[in-house]
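Undergrad: Below you'll find the structure I mean.
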Amino acid sequence: MVRITHWVTALCFVGLLVTGIEIVISHPRFYWGEEGNVNTRPLISIPIPSSRGSVPTGYGYVLPDQNGWSRSLHFQSAWVAVLTGLVYLLAGWRTGHFRRNLVPSRAELSPRALGRVIVKPLRLRRTRGDDAYNPLQRITYLLVIFGAFPAMIWTGLAMSPAVTSVWPFLVTVLGGHQSARTIHFFGTVALVLFLVVHVLMLCLSGFWKRTRAMITGRYKEGS
Amino acid sequence: MNSPLSRRQWITTGLAAAASMSGLAVASRLAAKYGLIPPDCGCLYGPGTTLTYASQRLITRHSLAREFPRSKISKAPFANGKPPNFDEFRRLQAGGFADWRLSIDGLVAHPSSFSVADLRSMPVRSQITQAICEEGWCYVAEWIGTPLAHVLELVGVRPQARFVVYFSIQAKEWWDSIDMADALHPQTLLTYGFNGGDLPVPFGGPLRMRVPRQLAYKSIKYINRIAVTDSLKRFAPGGEYSWYAGI
């Protein structure tokens, strides 16, 4: 179940990322608070062309509008990701996956043990043969599963005028609609950074062997 | 290990599949009965938009879009798009929109037509809400108008009505529609006022539909016709944008 949900989530993540980028292109400016539009000073402005002529980007051209399918696919992928996440949480809790494989032991959290797992990949040493998740991996996975993903769902819902009509605190505690959008964007940046390191570590420990193991559930040393 | 599943497992799986299929069928019947299926449920992105519409209709029955204090009104709101650029609109504008008519037809007892002055003499609601564009930007403004629910009551909506379609003068094929839950919602306004004054033309004057619990693309500008209907077949939601935009 961990493997199936991993790959469904991976697929959803790609869908959410691509469509999310398309939506950002229609207004590549971020603000803080309740209001933000082309007449407002942005917090940050991404130096890319836009798919809307009304946005001052400094580029002399306008990209084609892709928001229709992007928005629909974004929300559909979000639904699949959330439902898959619920299945994963339920299965992980019932099988003891979180306790056994993700929560690090006290010994693993000693500075020396942590130092060892940080330094090893930094020397680009191959880490094949390390089967259990190391403590750094455990902490990162826990942060992604119980920190980043819930934060993305929360900030996503905080941008919905219908949802905030029922639960206004979802957006007010974040500082406003535009704050929610900005946090949603930086959450994406964090998840993409995680993905980069995740795939890098995969390469260090044997890309095909680990990928095959994540698909079939079987891991053979030396095959 | 030719057959990893035993016969018993096959039977259990089959029964579970049959049970979940019939469960789904019952759920979709119930959902249709309680108005939880959007008209664009059959498109490529139907599953996503149906889940969104059904879940939000269940939780938003009587909820009000967030309203803001006067101090939060945006100093520089952004009027997206350009006003209509044809003779008829310019003529109406030159006359201060005194000749602007809003006609209401379809499933109503008394098809009628109202001027902006007629609407101004009706109950007034003023609210400070956000206009949130699907592109990501937004602003806060005071919107003044008469609740669509009041006008619908005046013309006598028939019980089989399910959707309200509203048309813009801007283009021949420019219209959108909402379900009765939003049409009868107290914050859904036929809007003629903005930040204490008349609704400026760039923001949709003389008359704009405001549906603050949905994204601003449902809040169409320059409204001159409303049709009450039981089916959107003739007004099929077009394009890839979701018909329901509560997101």
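Ordered as shown in the structure tokens, chains take letters A, B, and onward, while each chain numbers its residues from 1 and ligands are numbered from 1 in the order shown.
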Trp154 (chain A): which residues within 9 Å, counting only C-alpha atoms, same-chain residues fewer than 5 positions away excluded, as number ranges by chain?

TA: A: 149, 159, 170-171, 180, 184

Undergrad: May I have the selected residues written with N, CA and C atoms, as an mmCIF file, in the first residue's frame?

TA:
data_model
loop_
_atom_site.group_PDB
_atom_site.id
_atom_site.type_symbol
_atom_site.label_atom_id
_atom_site.label_comp_id
_atom_site.auth_asym_id
_atom_site.auth_seq_id
_atom_site.Cartn_x
_atom_site.Cartn_y
_atom_site.Cartn_z
ATOM 1 N N PHE A 149 2.585 18.468 3.062
ATOM 2 C CA PHE A 149 1.331 18.128 2.365
ATOM 3 C C PHE A 149 0.106 18.743 3.052
ATOM 4 N N MET A 159 -7.767 29.487 -0.054
ATOM 5 C CA MET A 159 -7.990 30.369 -1.200
ATOM 6 C C MET A 159 -9.398 30.222 -1.777
ATOM 7 N N LEU A 170 -9.554 29.673 8.502
ATOM 8 C CA LEU A 170 -8.563 29.016 7.645
ATOM 9 C C LEU A 170 -7.683 30.038 6.943
ATOM 10 N N VAL A 171 -8.286 31.170 6.558
ATOM 11 C CA VAL A 171 -7.513 32.177 5.832
ATOM 12 C C VAL A 171 -7.100 33.330 6.746
ATOM 13 N N ALA A 180 -2.164 33.381 1.874
ATOM 14 C CA ALA A 180 -2.373 31.944 1.657
ATOM 15 C C ALA A 180 -1.773 31.537 0.316
ATOM 16 N N HIS A 184 1.304 28.997 -0.263
ATOM 17 C CA HIS A 184 1.069 27.860 -1.158
ATOM 18 C C HIS A 184 2.227 27.756 -2.163
#

Undergrad: Which residues of chain A are close to chain B, meaning at most 6 Å apart when you count only C-alpha atoms, and how do they look as a VMD selection string?

TA: chain A and resid 26 to 27 35 to 37 39 68 to 69 72 76 160 to 162 165 to 166

Undergrad: List the spatial neighbours of Tyr88 (chain A) as a list of chain:residue names - criterion: any atom at most 8 Å away, only C-alpha atoms, same-chain residues fewer than 3 positions off excluded.

TA: A:Met1, A:Val2, A:Thr5, A:Thr84, A:Gly85, A:Ala91, A:Gly92

Undergrad: Pick out the residues sitting within 9 Å of Val8 (chain A), and hand them over as a PDB file with N, CA and C atoms, in the first residue's frame; count only C-alpha atoms, and ignore anything fewer than 4 positions along from it in its own chain.

TA:
ATOM      1  N   ARG A   3       3.699   1.480  -1.443  1.00  0.00           N
ATOM      2  CA  ARG A   3       4.245   1.656  -2.797  1.00  0.00           C
ATOM      3  C   ARG A   3       3.190   2.202  -3.758  1.00  0.00           C
ATOM      4  N   ILE A   4       1.967   1.623  -3.715  1.00  0.00           N
ATOM      5  CA  ILE A   4       0.915   2.100  -4.631  1.00  0.00           C
ATOM      6  C   ILE A   4       0.628   3.586  -4.379  1.00  0.00           C
ATOM      7  N   CYS A  12       0.162  12.513  -9.161  1.00  0.00           N
ATOM      8  CA  CYS A  12      -0.623  13.701  -8.804  1.00  0.00           C
ATOM      9  C   CYS A  12       0.288  14.895  -8.633  1.00  0.00           C
ATOM     10  N   PHE A  13       1.463  14.664  -8.002  1.00  0.00           N
ATOM     11  CA  PHE A  13       2.369  15.781  -7.749  1.00  0.00           C
ATOM     12  C   PHE A  13       2.828  16.408  -9.060  1.00  0.00           C
ATOM     13  N   VAL A  80      -7.499  13.442  -6.045  1.00  0.00           N
ATOM     14  CA  VAL A  80      -6.878  12.103  -6.056  1.00  0.00           C
ATOM     15  C   VAL A  80      -5.771  12.048  -5.005  1.00  0.00           C
ATOM     16  N   ALA A  81      -4.956  13.115  -4.924  1.00  0.00           N
ATOM     17  CA  ALA A  81      -3.859  13.134  -3.958  1.00  0.00           C
ATOM     18  C   ALA A  81      -4.389  13.070  -2.527  1.00  0.00           C
ATOM     19  N   THR A  84      -5.840   9.584  -1.855  1.00  0.00           N
ATOM     20  CA  THR A  84      -4.725   8.645  -1.740  1.00  0.00           C
ATOM     21  C   THR A  84      -4.020   8.836  -0.405  1.00  0.00           C
TER      22      THR A  84
END

Undergrad: Run DSSP on the backbone and grab whatever in region 6-241 of chain B lands in strand (DSSP E or B); send it over as a PyMOL selection string.

TA: chain B and resi 101-106+108+112-115+125-132+138-147+157+163-168+175-179+189-194+197-198+208-210+223-229

Undergrad: Record the distance separating CA of Arg112 (chain A) and CA of Gln137 (chain A), expressed in Å with one decimal.

TA: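 CA of Gln137 (chain A) lies at a distance of 15.6 Å from CA of Arg112 (chain A).
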
Undergrad: Contacts of region 15-23 of chain A at 8 Å or less, counting only C-alpha atoms, minus same-chain residues fewer than 4 places along, as number ranges by chain?

TA: A: 11, 27, 66-67, 70-71, 73-74, 77-78, 188; B: 135-136

Undergrad: Give me, as an MDAnalysis selection string, the residues of region 60-216 of chain A that a backbone DSSP run labels helix (DSSP H, G or I).

TA: chainID A and resid 67:95 97:102 107:109 111:122 135:158 161:166 169:172 177:204 207:216

Undergrad: Near Leu207 (chain B), within 12 Å and counting only C-alpha atoms, which residues show up once chain neighbours fewer than 2 positions away are dropped, as number ranges by chain?

TA: B: 93, 97-98, 100-102, 114-117, 119-120, 143-146, 148, 166-170, 189-194, 198-205, 209-210, 219-225

Undergrad: Neighbours of Ser177 (chain B) within 7 Å (only C-alpha atoms; same-chain residues fewer than 4 positions away dropped), as a list in words?

TA: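 Listed by chain and then number, they are Phe163, Val164, Val165 and Tyr166 of chain B.
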
Undergrad: Got time to write the residues from that selection, N, CA and C atoms, as a tab-separated table (two decimals), in the first residue's frame?

TA:
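Saved the output as again_34.tsv:
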chain	number	residue	atom	x	y	z
B	163	PHE	N	-31.81	26.44	-12.31
B	163	PHE	CA	-30.67	27.30	-12.58
B	163	PHE	C	-31.15	28.70	-12.99
B	164	VAL	N	-30.30	29.68	-12.72
B	164	VAL	CA	-30.53	31.03	-13.21
B	164	VAL	C	-29.39	31.38	-14.16
B	165	VAL	N	-29.75	31.69	-15.42
B	165	VAL	CA	-28.75	32.05	-16.43
B	165	VAL	C	-28.79	33.56	-16.57
B	166	TYR	N	-27.62	34.20	-16.62
B	166	TYR	CA	-27.59	35.65	-16.78
B	166	TYR	C	-26.67	36.01	-17.93

Undergrad: One number please: CA of Leu191 (chain A) to CA of His6 (chain A), in Å, one decimal.

TA: 14.5 Å

Undergrad: Which value, in Å to one decimal, gives the distance between CA of Leu232 (chain B) and CA of Asp40 (chain B)?

TA: 9.6 Å

Undergrad: Under the rule that only C-alpha atoms are counted, which of B:Ser112, B:Arg91, B:Leu30, B:Val211 is the nearest residue to Asp176 (chain B)?

TA: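 Answer, going by the shortest atom-to-atom distance: B:Val211.
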